[in-house]
>>> print(open('query20.txt').read())   # compact mmCIF, C-alpha atoms and all ligand atoms
# COMPACT_ATOMS: atom_id res chain seq x y z
CA MET A 1 28.98 156.64 -108.56
CA PRO A 2 25.42 155.38 -108.76
CA PRO A 3 25.59 151.81 -109.99
CA HIS A 4 23.67 150.89 -113.10
CA ALA A 5 22.75 154.49 -113.85
CA SER A 6 23.43 154.08 -117.54
CA LEU A 7 21.34 150.97 -117.73
CA ARG A 8 18.47 152.55 -115.93
CA SER A 9 18.41 155.34 -118.47
CA ALA A 10 18.37 152.86 -121.34
CA CYS A 11 15.65 151.02 -119.53
CA ALA A 12 13.54 154.11 -119.02
CA VAL A 13 12.97 154.54 -122.73
CA LEU A 14 11.65 151.02 -123.12
CA LEU A 15 9.81 150.93 -119.82
CA VAL A 16 7.37 153.46 -121.17
CA LEU A 17 6.85 151.43 -124.31
CA VAL A 18 6.37 148.17 -122.46
CA ALA A 19 3.93 149.90 -120.12
CA MET A 20 1.98 151.20 -123.12
CA ALA A 21 1.93 147.78 -124.73
CA GLY A 22 0.91 146.23 -121.43
CA ALA A 23 -1.96 148.64 -120.95
CA ALA A 24 -3.27 147.81 -124.40
CA ALA A 25 -2.89 144.09 -123.79
CA ALA A 26 -4.75 144.47 -120.50
CA ARG A 27 -7.68 146.15 -122.22
CA GLU A 28 -7.92 143.30 -124.72
CA PHE A 29 -7.50 140.69 -122.04
CA GLY A 30 -10.20 142.35 -119.94
CA ALA A 31 -12.61 142.48 -122.84
CA LYS A 32 -11.99 138.82 -123.69
CA ALA A 33 -12.27 137.69 -120.09
CA ALA A 34 -15.55 139.55 -119.78
CA ALA A 35 -16.81 138.01 -122.98
CA THR A 36 -15.87 134.45 -122.08
CA ASN A 37 -16.68 134.54 -118.37
CA GLY A 38 -19.81 136.60 -118.50
CA GLY A 39 -17.90 139.19 -116.49
CA ALA A 40 -16.82 136.83 -113.70
CA ALA A 41 -13.33 137.54 -112.42
CA ALA A 42 -10.84 135.09 -113.87
CA ALA A 43 -8.58 133.44 -111.30
CA VAL A 44 -5.49 133.87 -113.42
CA ASP A 45 -2.47 136.13 -113.60
CA SER A 46 -4.04 139.43 -114.51
CA ARG A 47 -0.84 141.23 -115.39
CA PRO A 48 -0.89 142.20 -119.05
CA ALA A 49 1.38 140.04 -121.18
CA VAL A 50 4.02 141.56 -123.41
CA VAL A 51 6.44 139.73 -125.67
CA LEU A 52 9.64 141.70 -126.21
CA ALA A 53 11.46 140.46 -129.32
CA VAL A 54 15.02 141.77 -129.24
CA PHE A 55 17.23 142.04 -132.35
CA GLY A 56 20.76 143.33 -131.94
CA ASP A 57 24.41 142.86 -131.08
CA SER A 58 26.58 142.52 -127.98
CA LEU A 59 24.80 145.46 -126.35
CA SER A 60 21.67 143.30 -126.11
CA ASP A 61 22.93 139.69 -126.27
CA THR A 62 22.01 137.71 -123.16
CA GLY A 63 23.89 134.58 -124.20
CA ASN A 64 23.28 133.68 -127.86
CA THR A 65 26.84 134.02 -129.10
CA PHE A 66 28.04 132.45 -125.86
CA ARG A 67 25.83 129.40 -126.37
CA ALA A 68 26.95 129.16 -130.00
CA ALA A 69 30.68 129.64 -129.53
CA GLY A 70 31.62 130.14 -125.88
CA ILE A 71 32.29 133.84 -126.44
CA PRO A 72 32.74 136.01 -124.40
CA GLN A 73 34.92 134.13 -121.96
CA ALA A 74 33.09 133.07 -118.85
CA ASP A 75 35.73 134.08 -116.31
CA LEU A 76 35.57 137.77 -117.19
CA TYR A 77 32.04 138.28 -118.42
CA TYR A 78 28.69 137.86 -116.75
CA GLN A 79 26.56 134.89 -117.82
CA GLY A 80 27.22 135.09 -121.55
CA ARG A 81 26.66 138.84 -121.66
CA TYR A 82 29.25 141.28 -123.05
CA SER A 83 29.27 143.00 -119.73
CA ASN A 84 30.49 142.54 -116.19
CA GLY A 85 26.89 142.45 -115.01
CA PRO A 86 23.32 142.40 -116.23
CA ILE A 87 22.48 144.39 -119.37
CA TRP A 88 19.49 146.56 -120.30
CA VAL A 89 17.35 143.58 -121.25
CA ASP A 90 17.77 142.17 -117.73
CA TYR A 91 17.10 145.51 -116.05
CA LEU A 92 14.03 146.10 -118.13
CA ALA A 93 12.61 142.66 -117.35
CA ALA A 94 13.18 143.20 -113.63
CA ALA A 95 11.75 146.70 -113.70
CA VAL A 96 8.42 145.66 -115.22
CA SER A 97 8.08 142.29 -113.48
CA ASN A 98 5.46 143.42 -110.95
CA THR A 99 3.15 144.85 -113.53
CA THR A 100 3.79 142.88 -116.70
CA GLN A 101 4.16 139.24 -117.68
CA LEU A 102 7.16 139.85 -119.89
CA THR A 103 8.45 137.21 -122.24
CA VAL A 104 11.77 138.07 -123.87
CA LEU A 105 12.58 136.45 -127.19
CA ASN A 106 16.18 137.53 -127.62
CA TYR A 107 17.81 137.08 -131.03
CA ALA A 108 20.71 139.50 -130.41
CA HIS A 109 24.16 138.08 -131.11
CA GLY A 110 27.43 139.57 -129.95
CA GLY A 111 29.34 140.64 -133.07
CA ALA A 112 26.22 140.95 -135.23
CA ALA A 113 25.89 143.59 -137.93
CA ALA A 114 22.73 145.13 -139.36
CA CYS A 115 23.89 144.19 -142.87
CA PRO A 116 25.74 140.99 -143.77
CA GLU A 117 27.97 142.96 -146.18
CA ASN A 118 29.30 144.91 -143.18
CA GLY A 119 29.47 141.87 -140.95
CA ALA A 120 31.95 139.24 -139.87
CA ALA A 121 29.75 136.17 -140.22
CA ALA A 122 31.96 134.91 -143.06
CA GLN A 123 34.81 134.43 -140.56
CA TYR A 124 32.55 133.75 -137.58
CA PRO A 125 29.58 131.79 -138.87
CA PHE A 126 28.06 131.51 -135.41
CA ILE A 127 27.24 135.23 -135.49
CA ARG A 128 23.72 135.87 -136.71
CA ASP A 129 23.43 139.23 -138.43
CA LEU A 130 20.12 141.09 -138.44
CA PRO A 131 18.53 139.37 -141.49
CA SER A 132 19.44 136.00 -140.02
CA GLN A 133 17.98 136.98 -136.63
CA THR A 134 14.80 138.05 -138.39
CA SER A 135 14.58 134.72 -140.26
CA ALA A 136 15.14 132.83 -137.03
CA PHE A 137 12.34 134.77 -135.33
CA LEU A 138 9.95 134.17 -138.24
CA ALA A 139 10.81 130.47 -138.25
CA ASP A 140 10.36 130.21 -134.48
CA ILE A 141 6.95 131.82 -134.36
CA SER A 142 5.60 129.39 -136.91
CA ALA A 143 7.14 126.33 -135.21
CA PRO A 144 4.56 124.31 -133.27
CA GLN A 145 6.48 124.44 -129.99
CA THR A 146 6.72 128.25 -129.95
CA GLN A 147 3.37 129.19 -131.50
CA GLY A 148 1.88 129.70 -128.07
CA GLN A 149 4.32 132.53 -127.33
CA LEU A 150 2.41 135.00 -129.45
CA GLY A 151 -1.27 135.78 -129.63
CA GLY A 152 -3.72 135.01 -126.85
CA GLY A 153 -3.90 138.67 -125.83
CA ARG A 154 -0.13 139.03 -125.60
CA ARG A 155 1.27 142.21 -127.04
CA LEU A 156 4.33 141.88 -129.27
CA LEU A 157 6.93 144.67 -129.12
CA PRO A 158 9.85 144.12 -131.51
CA VAL A 159 12.98 146.17 -130.75
CA SER A 160 16.09 146.55 -132.87
CA PHE A 161 19.36 147.98 -131.58
CA ILE A 162 22.10 147.32 -134.11
CA GLY A 163 24.60 148.95 -136.47
CA ASN A 164 27.61 149.62 -134.27
CA ASN A 165 29.48 146.58 -135.55
CA ASP A 166 28.83 147.68 -139.13
CA VAL A 167 30.63 150.93 -138.35
CA ARG A 168 33.42 149.21 -136.50
CA ASN A 169 34.03 146.64 -139.24
CA VAL A 170 33.99 149.14 -142.11
CA LEU A 171 36.20 151.58 -140.23
CA THR A 172 38.63 148.87 -139.20
CA ALA A 173 38.90 147.66 -142.80
CA ALA A 174 39.55 151.20 -144.09
CA LEU A 175 42.16 151.91 -141.43
CA GLY A 176 43.79 148.57 -142.19
CA ALA A 177 44.00 149.65 -145.82
CA GLY A 178 45.75 152.83 -144.81
CA GLY A 179 43.26 155.61 -144.08
CA PHE A 180 39.86 156.88 -143.07
CA PRO A 181 36.98 155.67 -145.22
CA THR A 182 36.16 157.97 -148.12
CA GLU A 183 33.08 160.15 -148.08
CA GLN A 184 31.42 157.73 -150.50
CA ALA A 185 32.26 154.80 -148.25
CA VAL A 186 30.72 156.57 -145.25
CA ALA A 187 27.62 157.43 -147.26
CA ALA A 188 27.34 153.80 -148.36
CA LEU A 189 27.70 152.63 -144.77
CA VAL A 190 25.00 154.99 -143.52
CA GLY A 191 22.72 153.97 -146.37
CA SER A 192 23.25 150.28 -145.84
CA ILE A 193 22.59 150.34 -142.08
CA THR A 194 19.47 152.41 -142.61
CA SER A 195 18.11 150.16 -145.32
CA CYS A 196 18.90 146.94 -143.43
CA ARG A 197 17.19 148.23 -140.30
CA LEU A 198 14.18 149.44 -142.27
CA ALA A 199 14.05 146.11 -144.09
CA TRP A 200 13.74 144.43 -140.69
CA ALA A 201 10.66 146.51 -139.90
CA GLN A 202 9.17 145.92 -143.32
CA GLN A 203 9.73 142.20 -143.08
CA LEU A 204 8.00 141.95 -139.71
CA LEU A 205 5.14 144.15 -140.89
CA GLY A 206 4.94 142.21 -144.15
CA ALA A 207 4.52 138.95 -142.26
CA GLY A 208 1.16 140.26 -141.06
CA GLU A 209 -0.87 138.11 -138.69
CA ALA A 210 1.82 135.43 -138.50
CA VAL A 211 3.76 137.93 -136.39
CA TRP A 212 1.12 140.30 -135.04
CA ARG A 213 -1.82 137.96 -134.45
CA GLN A 214 -4.72 140.06 -133.17
CA GLN A 215 -2.71 143.30 -133.17
CA ARG A 216 -3.80 145.49 -136.04
CA GLY A 217 -3.04 148.98 -137.32
CA ALA A 218 -1.77 151.31 -134.62
CA GLU A 219 -1.29 148.33 -132.31
CA ARG A 220 1.65 147.29 -134.49
CA VAL A 221 4.60 149.23 -133.13
CA LEU A 222 8.27 148.52 -133.77
CA VAL A 223 11.05 150.22 -131.84
CA LEU A 224 14.34 151.34 -133.33
CA LEU A 225 16.99 152.24 -130.80
CA PRO A 226 19.49 154.65 -132.35
CA VAL A 227 22.99 153.37 -132.96
CA ALA A 228 25.02 153.97 -129.79
CA ARG A 229 27.46 156.87 -129.79
CA LEU A 230 30.72 155.16 -130.62
CA ASP A 231 32.75 158.31 -129.98
CA ILE A 232 32.01 158.23 -126.26
CA THR A 233 32.73 154.53 -125.88
CA PRO A 234 35.64 154.27 -123.44
CA SER A 235 37.75 152.27 -125.86
CA ALA A 236 37.32 154.64 -128.81
CA PRO A 237 40.77 155.95 -129.76
CA GLU A 238 41.02 159.74 -129.37
CA LEU A 239 42.04 160.13 -133.00
CA LEU A 240 38.88 158.44 -134.23
CA LYS A 241 36.37 160.24 -132.03
CA PRO A 242 35.46 162.98 -134.54
CA VAL A 243 34.81 160.53 -137.37
CA LEU A 244 32.91 158.20 -135.04
CA LYS A 245 30.67 161.06 -133.95
CA THR A 246 30.03 162.16 -137.52
CA VAL A 247 29.18 158.64 -138.65
CA THR A 248 26.95 157.85 -135.66
CA ASP A 249 25.02 161.11 -136.05
CA ALA A 250 24.62 160.55 -139.78
CA ILE A 251 23.25 157.04 -139.23
CA ASN A 252 20.76 158.16 -136.62
CA ASN A 253 19.59 161.12 -138.69
CA ALA A 254 19.11 158.83 -141.67
CA LEU A 255 17.21 156.32 -139.52
CA THR A 256 14.89 159.04 -138.27
CA VAL A 257 14.19 160.29 -141.78
CA ALA A 258 13.65 156.78 -143.16
CA ALA A 259 11.34 155.83 -140.29
CA ALA A 260 9.27 158.98 -140.85
CA ALA A 261 8.95 158.09 -144.54
CA LEU A 262 7.84 154.56 -143.75
CA ASN A 263 5.40 155.85 -141.13
CA ALA A 264 3.88 158.14 -143.75
CA GLU A 265 3.41 155.14 -146.06
CA LEU A 266 1.94 153.08 -143.25
CA ALA A 267 -0.53 155.85 -142.43
CA SER A 268 -2.20 155.19 -145.76
CA ALA A 269 -1.51 151.46 -146.14
CA PRO A 270 -4.44 149.37 -147.35
CA VAL A 271 -6.76 148.64 -144.44
CA ASN A 272 -6.85 144.94 -145.26
CA SER A 273 -3.05 144.73 -144.86
CA GLY A 274 -3.59 145.19 -141.12
CA SER A 275 -0.73 147.69 -141.13
CA ARG A 276 -2.52 150.98 -141.67
CA GLY A 277 -1.33 153.23 -138.87
CA ALA A 278 1.46 150.87 -137.75
CA ARG A 279 4.50 152.79 -136.58
CA LEU A 280 8.24 152.70 -136.19
CA LEU A 281 9.35 154.55 -133.10
CA VAL A 282 12.90 155.85 -133.10
CA THR A 283 13.69 156.42 -129.45
CA ALA A 284 15.87 159.17 -128.06
CA ASP A 285 19.57 158.45 -127.89
CA PHE A 286 20.72 157.67 -124.37
CA SER A 287 24.46 157.30 -125.01
CA GLY A 288 25.29 160.61 -123.34
CA VAL A 289 24.16 159.27 -120.00
CA VAL A 290 25.92 155.99 -120.66
CA GLY A 291 29.19 157.71 -121.48
CA ALA A 292 28.96 159.94 -118.44
CA THR A 293 28.50 157.07 -116.02
CA VAL A 294 30.92 154.41 -117.23
CA THR A 295 33.92 154.15 -114.93
CA PRO A 296 37.16 152.50 -116.02
CA PRO A 297 35.81 149.10 -116.91
CA PHE A 298 37.49 145.74 -116.65
CA ALA A 299 40.50 147.05 -114.75
CA THR A 300 41.70 143.47 -114.48
CA LEU A 301 42.23 143.22 -118.22
CA GLY A 302 45.16 145.59 -118.31
CA ALA A 303 46.50 147.66 -121.15
CA ASP A 304 45.30 145.49 -124.02
CA TRP A 305 41.70 145.99 -123.00
CA GLY A 306 41.06 148.62 -125.68
CA ALA A 307 41.84 146.09 -128.37
CA ARG A 308 39.15 143.75 -127.15
CA GLY A 309 36.25 145.55 -128.66
CA TRP A 310 33.78 148.30 -128.14
CA SER A 311 31.02 146.43 -126.44
CA CYS A 312 31.71 148.10 -123.14
CA MET A 313 28.92 150.61 -123.22
CA MET A 314 26.65 148.51 -121.10
CA GLU A 315 29.08 147.73 -118.35
CA HIS A 316 28.09 149.02 -115.00
CA ALA A 317 30.31 150.73 -112.51
C1 LIG A 401 7.65 144.70 -106.80
O1 LIG A 401 6.81 144.60 -105.67
C2 LIG A 401 7.48 144.39 -104.46
C3 LIG A 401 6.45 144.16 -103.38
O2 LIG A 401 5.51 145.20 -103.36
C4 LIG A 401 8.40 145.57 -104.16
O3 LIG A 401 9.11 145.37 -102.99
C5 LIG A 401 9.38 145.74 -105.33
O4 LIG A 401 10.16 146.89 -105.12
C6 LIG A 401 8.63 145.86 -106.64
N1 LIG A 401 9.60 145.84 -107.72
C7 LIG A 401 9.61 146.75 -108.68
C8 LIG A 401 10.68 146.60 -109.69
O5 LIG A 401 8.82 147.65 -108.75
>>> encode(input="query20.txt", output="structure tokens", more="lines below")
Ligand SMILES: *[C@@H]1O[C@H](CO)[C@@H](O)[C@H](O)[C@H]1NC(C)=O
Amino acid sequence: MPPHASLRSACAVLLVLVAMAGAAAAREFGAKAAATNGGAAAAVDSRPAVVLAVFGDSLSDTGNTFRAAGIPQADLYYQGRYSNGPIWVDYLAAAVSNTTQLTVLNYAHGGAAACPENGAAAQYPFIRDLPSQTSAFLADISAPQTQGQLGGGRRLLPVSFIGNNDVRNVLTAALGAGGFPTEQAVAALVGSITSCRLAWAQQLLGAGEAVWRQQRGAERVLVLLPVARLDITPSAPELLKPVLKTVTDAINNALTVAAAALNAELASAPVNSGSRGARLLVTADFSGVVGATVTPPFATLGADWGARGWSCMMEHA
């Protein structure tokens, strides 16, 4: 069993994007250095600088929910992650460290939903759902102490990876009420996740230079990771696998369609908005590799493990 294989595959998708962002940042940095130094070599770190802003749930949380509420428990989980080891954010940072000055601004919270109406923040107020993560990011970047994190030739790459908890919560509620969710309820769920994730992109694009600084037009790229395949999560009950597959596929198809529609709008956005040619990239789904490489996780937890949640996709062997 190759360790970390699943995480490497998740990483690979974003590695390419970070490399692209880094190359663009390097060109800008080079041009500025030449302009300010009269071409003299600057004695500074010449690696291009990329700021990865992460929005998501337990699959991406590197300690936010843990800092807020001490969850997940420290004796079983790795450093506030919902995993028994590093997660994709950690692997990505390590993988690009030689070539990129990567700053990670991580807003992901274990338990978070894309839409508050599908979330559990009412019972667990320490969980920040996607709109709340977005507000926190927007507040941070305008705060004096964090202003320096953006701009200055750094390339911002916002990434969102969220929606699995929306599915889990809605499904759990329906099953608790005695059955599978109705077709209308599934359609509403798919629609809500899609619109909340698109709203995230629109909010960041709408914030203009406050978020993007010198990046304009095609330099404004946002990444949507598809919702992870819940049906191949080790803890998914056999009975639910078909409905989980149907729902996950429907969400990701709807995301792809909605992103294409927004991209078409952005292609002809007013030039002075700075967003003409900005793009949402929906990456390929990598759950198949994840599912194929997860070995029985958390053996120490015993038979009740399945009841503890579905955040196991990022565990390594
Ligand atoms: C970074 O560079 C060092 C020294 O050349 C090398 O040993 C290491 O494997 C590189 N790390 C990555 C992730 O490429």
>>> closest_residue(input="query20.txt", among="A:Gln149, A:Ser83, A:Thr62, A:Ser192", to="A:Ala113", atoms="all atoms listed in the file")
A:Ser192
>>> atom_distance(input="query20.txt", atom1="atom CA of A:Leu157", atom2="atom CA of A:Glu219")
9.5 Å
>>> closest_residue(input="query20.txt", among="A:Ser97, A:Phe180, A:Gly56, A:Asp140", to="ligand LIG 401 (chain A)", atoms="only C-alpha atoms and all ligand atoms")
A:Ser97
>>> atom_distance(input="query20.txt", atom1="atom CA of A:Phe286", atom2="atom CA of A:Ala228")
7.8 Å
>>> closest_atom_pairs(input="query20.txt", of="chain A", to="ligand LIG 401 (chain A)", cutoff="10 Å", atoms="only C-alpha atoms and all ligand atoms", output="CSV")
residue,atom,partner,partner_atom,distance
A:Tyr91,CA,A:LIG401,C8,9.1
A:Leu92,CA,A:LIG401,C8,9.1
A:Ala93,CA,A:LIG401,C8,8.8
A:Ala94,CA,A:LIG401,C8,5.8
A:Ala95,CA,A:LIG401,C8,4.2
A:Val96,CA,A:LIG401,C8,6.0
A:Ser97,CA,A:LIG401,C8,6.3
A:Asn98,CA,A:LIG401,C1,4.9
A:Thr99,CA,A:LIG401,O5,7.9
>>> atom_distance(input="query20.txt", atom1="atom CA of A:Ala210", atom2="atom CA of A:Gly119")
28.5 Å
>>> closest_residue(input="query20.txt", among="A:Ile232, A:Ala19, A:Leu224, A:Leu130", to="A:Ala260", atoms="only C-alpha atoms")
A:Leu224
>>> residues_around(input="query20.txt", residues="stretch 193-201 of chain A", least_positions_apart="5", cutoff="8 Å", atoms="all atoms listed in the file", output="list of chain:residue names")
A:Ala114, A:Cys115, A:Leu130, A:Pro131, A:Thr134, A:Ser160, A:Ile162, A:Gly163, A:Asp166, A:Leu222, A:Ile251, A:Ala254, A:Leu255, A:Ala258, A:Ala259, A:Leu280
>>> residues_near_point(input="query20.txt", point="(26.2, 132.4, -126.2)", cutoff="12 Å", atoms="all atoms listed in the file", output="PDB file with C-alpha atoms, keeping the file's coordinate frame")
ATOM      1  CA  ASP A  57      24.410 142.860-131.080  1.00  0.00           C
ATOM      2  CA  SER A  58      26.580 142.520-127.980  1.00  0.00           C
ATOM      3  CA  SER A  60      21.670 143.300-126.110  1.00  0.00           C
ATOM      4  CA  ASP A  61      22.930 139.690-126.270  1.00  0.00           C
ATOM      5  CA  THR A  62      22.010 137.710-123.160  1.00  0.00           C
ATOM      6  CA  GLY A  63      23.890 134.580-124.200  1.00  0.00           C
ATOM      7  CA  ASN A  64      23.280 133.680-127.860  1.00  0.00           C
ATOM      8  CA  THR A  65      26.840 134.020-129.100  1.00  0.00           C
ATOM      9  CA  PHE A  66      28.040 132.450-125.860  1.00  0.00           C
ATOM     10  CA  ARG A  67      25.830 129.400-126.370  1.00  0.00           C
ATOM     11  CA  ALA A  68      26.950 129.160-130.000  1.00  0.00           C
ATOM     12  CA  ALA A  69      30.680 129.640-129.530  1.00  0.00           C
ATOM     13  CA  GLY A  70      31.620 130.140-125.880  1.00  0.00           C
ATOM     14  CA  ILE A  71      32.290 133.840-126.440  1.00  0.00           C
ATOM     15  CA  PRO A  72      32.740 136.010-124.400  1.00  0.00           C
ATOM     16  CA  GLN A  73      34.920 134.130-121.960  1.00  0.00           C
ATOM     17  CA  ALA A  74      33.090 133.070-118.850  1.00  0.00           C
ATOM     18  CA  TYR A  77      32.040 138.280-118.420  1.00  0.00           C
ATOM     19  CA  TYR A  78      28.690 137.860-116.750  1.00  0.00           C
ATOM     20  CA  GLN A  79      26.560 134.890-117.820  1.00  0.00           C
ATOM     21  CA  GLY A  80      27.220 135.090-121.550  1.00  0.00           C
ATOM     22  CA  ARG A  81      26.660 138.840-121.660  1.00  0.00           C
ATOM     23  CA  TYR A  82      29.250 141.280-123.050  1.00  0.00           C
ATOM     24  CA  ASN A 106      16.180 137.530-127.620  1.00  0.00           C
ATOM     25  CA  TYR A 107      17.810 137.080-131.030  1.00  0.00           C
ATOM     26  CA  ALA A 108      20.710 139.500-130.410  1.00  0.00           C
ATOM     27  CA  HIS A 109      24.160 138.080-131.110  1.00  0.00           C
ATOM     28  CA  GLY A 110      27.430 139.570-129.950  1.00  0.00           C
ATOM     29  CA  GLY A 111      29.340 140.640-133.070  1.00  0.00           C
ATOM     30  CA  PHE A 126      28.060 131.510-135.410  1.00  0.00           C
ATOM     31  CA  ILE A 127      27.240 135.230-135.490  1.00  0.00           C
ATOM     32  CA  ARG A 128      23.720 135.870-136.710  1.00  0.00           C
TER      33      ARG A 128
END
>>> closest_residue(input="query20.txt", among="A:Ala278, A:Val223, A:Ala23, A:Ala49", to="A:Phe161", atoms="only C-alpha atoms")
A:Val223
>>> closest_residue(input="query20.txt", among="A:Gly85, A:Arg216, A:Asn169, A:Leu102", to="A:Pro270", atoms="all atoms listed in the file")
A:Arg216
>>> residues_around(input="query20.txt", residues="A:Leu230", least_positions_apart="6", cutoff="7 Å", atoms="only C-alpha atoms", output="list of chain:residue names")
A:Ala236, A:Leu244, A:Lys245, A:Thr248
>>> closest_residue(input="query20.txt", among="A:Ala112, A:Val271, A:Met20, A:Ala120", to="A:Ser132", atoms="only C-alpha atoms")
A:Ala112
>>> residues_near_point(input="query20.txt", point="(14.9, 156.3, -133.7)", cutoff="6 Å", atoms="all atoms listed in the file", output="CSV table (one decimal) with C-alpha atoms, keeping the file's coordinate frame")
chain,number,residue,atom,x,y,z
A,224,LEU,CA,14.3,151.3,-133.3
A,225,LEU,CA,17.0,152.2,-130.8
A,226,PRO,CA,19.5,154.6,-132.4
A,256,THR,CA,14.9,159.0,-138.3
A,281,LEU,CA,9.4,154.6,-133.1
A,282,VAL,CA,12.9,155.8,-133.1
A,283,THR,CA,13.7,156.4,-129.4
